[in-house]
Each structure stands twice: as C-alpha cells, then as structure tokens.
Amino acid sequence: QGQPASAWPAAAVAAGTSRASVGGGAGPSSGGHAAGDEAEAAAAAIKAREKALLPVYQQVARQFADMHDTPTRMLAKGVLSGIVPWAHARRFFALRLRRRLMEETVANHVTTSDASVPRHAALAMVRSWHAQAGNSPSVWPLSPQDPHTRRLVAEGLPGGGAESVNSVTSLYLSQLSEDQEFLDWTESVAGRTRIAAELKVLRARSASRMVDQVLGTTEGKEGLLKALQSALRRDSMLGMQLKMMISEAMS
C-alpha cells in the first residue's frame with residue numbers, strides 16, 4: 001500500500017486500463033441512441049404539422065388560382081369572349097366550325113368575283129349581308145332558365161351563383177344562336193339569292209373597273225373594239241344592248 005505507482009505490478013495497471021476503457025466507451029454509445037430518438041421524434045412532429053397545415057395551404061392555393069387562371073377570372077379580364085359548359089362543348093364548337101367554314105367559303109367567292117377586295121373586307125361583307133337580312137335568332141333548346149344547364153354551369157365554375165350562371169350561359173347561348181342563324185340563312189333560298197345577287201354586283205364592278213383601265217391606253221381601246229366586234233358576231237342581243245346604252249348615254 002505504501003509503494004509508489006511506478007512499483008505497481010504491470011498486470012494490475014493493465015487491468016485498470018482495461019476497465020477504464022470499457023467504462024469510458026459506454027457513454028458515447030448511449031448518447032448516440034438518444035440523438036437518434038430525438039431526430040425521429042422531430043421528423044414525426046414535422047410530418048404531423050404538415051398534415052395539419054395541408055388543408056389550409058390547399059385552400060390558399062385554390063383561392064390564388066381562382067384569382068388568376070380560372071375561366072371566370074379570364075372572362076372578367078376580357079381575354080375570353082365566353083365560357084362553354086363542358087357537357088355542351090362538342091356541339092357548340094362543331095356548330096362554330098361549320099359557321100366559320102361557311103363564312104370562309106362565301107368570302108372566297110367574294111375575293112374571286114373581285115380580286116381587289118381583301119379577305120377581312122370580304123368577311124365583313126358576308127356578315128353585313130347576313131345582318132341586313134334581319135332574320136330572328138333561332139331558338140336553341142338550352143336556356144339560362146333550364147335547371148340542367150344551370151347545374152352544369154354552376155358545377156363547372158368556381159363560386160358560380162345565379163348571377164354567374166345567367167351571365168355565362170347568355171354569352172355562349174347568344175353565340176350559339178347566332179351561328180345557327182347564320183347557317184340557316186346561307187342554306188335558305190333567300191340567303192342564296194342574296195349572296196348570288198351581291199356576287200353579281202361585285203363581278204360587274206370588277207369588270208367595269210377593268211374596262212376603265214383598258215380604255216386608258218390607245219392599245220387598250222383598239223383591243224376592246226376588236227373584242228366587241230368578236231362578241232357581237234357571237235351574240236346578237238349584245239348589239240341591241242349596246243345601242244340602248246349608247247342612246248341613253250347620248251340623251
């Protein structure tokens with residue numbers, strides 16, 4: 001017991017060192033288990049918090065989208081001309097396509113009759129002929145008061161109430177009626193007669209303008225006289241018409 005530490009047996013020193021090493025290693029191991037438990041608890045708490053907040057964030061996201069990209073907001077901003085209920089979209093756009101194809105067909109006849117008329121002016125002419133006809137709008141089976149239509153529009157539009165339903169359906173129903181009316185007019189006897197008469201006027205105007213241009217030169221006058229001589233040989237009635245025109249112009 002009174003011996004210095006340097007005189008202790010080597011075995012005793014080794015045994016003490018071994019016990020110290022074993023005892024010292026137990027602390028870090030228990031600390032690692034505690035840290036892992038804390039991390040798992042934190043992750044579970046985060047997931048629980050996310051689950052609790054998810055409905056709130058979803059509601060905020062829907063409200064944000066309603067303020068920007070929904071049909072009602074786009075209509076309010078003026079980037080849409082109307083909203084078509086999904087259940088009637090195929091019928092609506094099929095009729096719309098038929099109307100636009102018919103417009104283009106008649107407009108092509110206009111530009112063929114008078115090459116000086118540009119396409120946009122030809123379309124405006126066709127629409128003005130239809131407007132001047134004064135036909136009453138055709139009756140479409142759907143109406144804003146139809147319960148089925150009101151339910152479809154209300155379900156398809158967020159926040160759609162009675163006022164929304166009436167405004168939205170009136171926009172698309174008016175376009176639908178207009179397209180049907182235009183097709184009915186172009187396929188009717190009165191519509192075909194009006195279109196044929198207008199095209200005749202355009203052809204006559206184009207021919208008159210062409211003759212004025214031809215008479216502006218000496219060569220043109222000579223060519224026109226030769227063409228008239230040839231035409232008079234083929235058509236006797238043309239001579240009588242020319243005499244009447246000349247007599248009216250000279251009187």
# chains A, B, ... in the order shown; residues from 1 in each chain; ligands from 1
$ residues_around --residues "Gln132 of chain A" --least-positions-apart "3" --cutoff "12 Å" --atoms "only C-alpha atoms" --output "list in words"
Met125, Val126, Arg127, Ser128, Trp129, Asn135, Ser136, Phe182, Trp185, Gly191, Arg194 and Ile195 of chain A
$ write_last_selection --atoms "N, CA, C and O atoms" --output "mmCIF file, in the first residue's frame"
data_model
loop_
_atom_site.group_PDB
_atom_site.id
_atom_site.type_symbol
_atom_site.label_atom_id
_atom_site.label_comp_id
_atom_site.auth_asym_id
_atom_site.auth_seq_id
_atom_site.Cartn_x
_atom_site.Cartn_y
_atom_site.Cartn_z
ATOM 1 N N MET A 125 -68.161 41.889 -95.459
ATOM 2 C CA MET A 125 -69.289 41.951 -96.398
ATOM 3 C C MET A 125 -70.290 40.837 -96.125
ATOM 4 O O MET A 125 -71.503 41.059 -96.061
ATOM 5 N N VAL A 126 -69.763 39.618 -95.966
ATOM 6 C CA VAL A 126 -70.640 38.467 -95.750
ATOM 7 C C VAL A 126 -71.459 38.660 -94.483
ATOM 8 O O VAL A 126 -72.681 38.412 -94.462
ATOM 9 N N ARG A 127 -70.823 39.116 -93.427
ATOM 10 C CA ARG A 127 -71.536 39.311 -92.169
ATOM 11 C C ARG A 127 -72.549 40.446 -92.269
ATOM 12 O O ARG A 127 -73.613 40.400 -91.644
ATOM 13 N N SER A 128 -72.223 41.476 -93.053
ATOM 14 C CA SER A 128 -73.186 42.579 -93.216
ATOM 15 C C SER A 128 -74.397 42.130 -94.020
ATOM 16 O O SER A 128 -75.523 42.556 -93.736
ATOM 17 N N TRP A 129 -74.205 41.260 -95.015
ATOM 18 C CA TRP A 129 -75.352 40.738 -95.773
ATOM 19 C C TRP A 129 -76.291 39.963 -94.857
ATOM 20 O O TRP A 129 -77.502 40.102 -94.945
ATOM 21 N N ASN A 135 -83.023 38.385 -89.995
ATOM 22 C CA ASN A 135 -83.667 37.162 -89.522
ATOM 23 C C ASN A 135 -83.691 37.147 -88.004
ATOM 24 O O ASN A 135 -82.754 37.597 -87.349
ATOM 25 N N SER A 136 -84.759 36.604 -87.426
ATOM 26 C CA SER A 136 -84.835 36.472 -85.969
ATOM 27 C C SER A 136 -83.979 35.308 -85.530
ATOM 28 O O SER A 136 -83.854 34.313 -86.243
ATOM 29 N N PHE A 182 -76.904 31.965 -88.788
ATOM 30 C CA PHE A 182 -76.119 32.232 -89.990
ATOM 31 C C PHE A 182 -76.154 31.036 -90.938
ATOM 32 O O PHE A 182 -76.315 31.197 -92.164
ATOM 33 N N TRP A 185 -79.459 30.819 -92.648
ATOM 34 C CA TRP A 185 -79.605 31.849 -93.677
ATOM 35 C C TRP A 185 -78.861 31.473 -94.950
ATOM 36 O O TRP A 185 -79.392 31.624 -96.061
ATOM 37 N N GLY A 191 -81.271 33.430 -98.576
ATOM 38 C CA GLY A 191 -79.849 33.686 -98.369
ATOM 39 C C GLY A 191 -79.034 33.432 -99.621
ATOM 40 O O GLY A 191 -78.148 34.233 -99.981
ATOM 41 N N ARG A 194 -79.628 36.224 -102.115
ATOM 42 C CA ARG A 194 -78.934 37.470 -101.736
ATOM 43 C C ARG A 194 -77.442 37.358 -102.032
ATOM 44 O O ARG A 194 -76.835 38.298 -102.579
ATOM 45 N N ILE A 195 -76.844 36.241 -101.703
ATOM 46 C CA ILE A 195 -75.409 36.067 -101.943
ATOM 47 C C ILE A 195 -75.111 36.109 -103.430
ATOM 48 O O ILE A 195 -74.148 36.752 -103.878
#
$ closest_residue --among "A:Arg203, A:Gln58, A:His130, A:Asp184" --to "His109 of chain A" --atoms "only C-alpha atoms"
A:Arg203
$ closest_residue --among "A:Thr186, A:Gln180, A:Arg100, A:Asn108" --to "Ala133 of chain A" --atoms "only C-alpha atoms"
A:Thr186
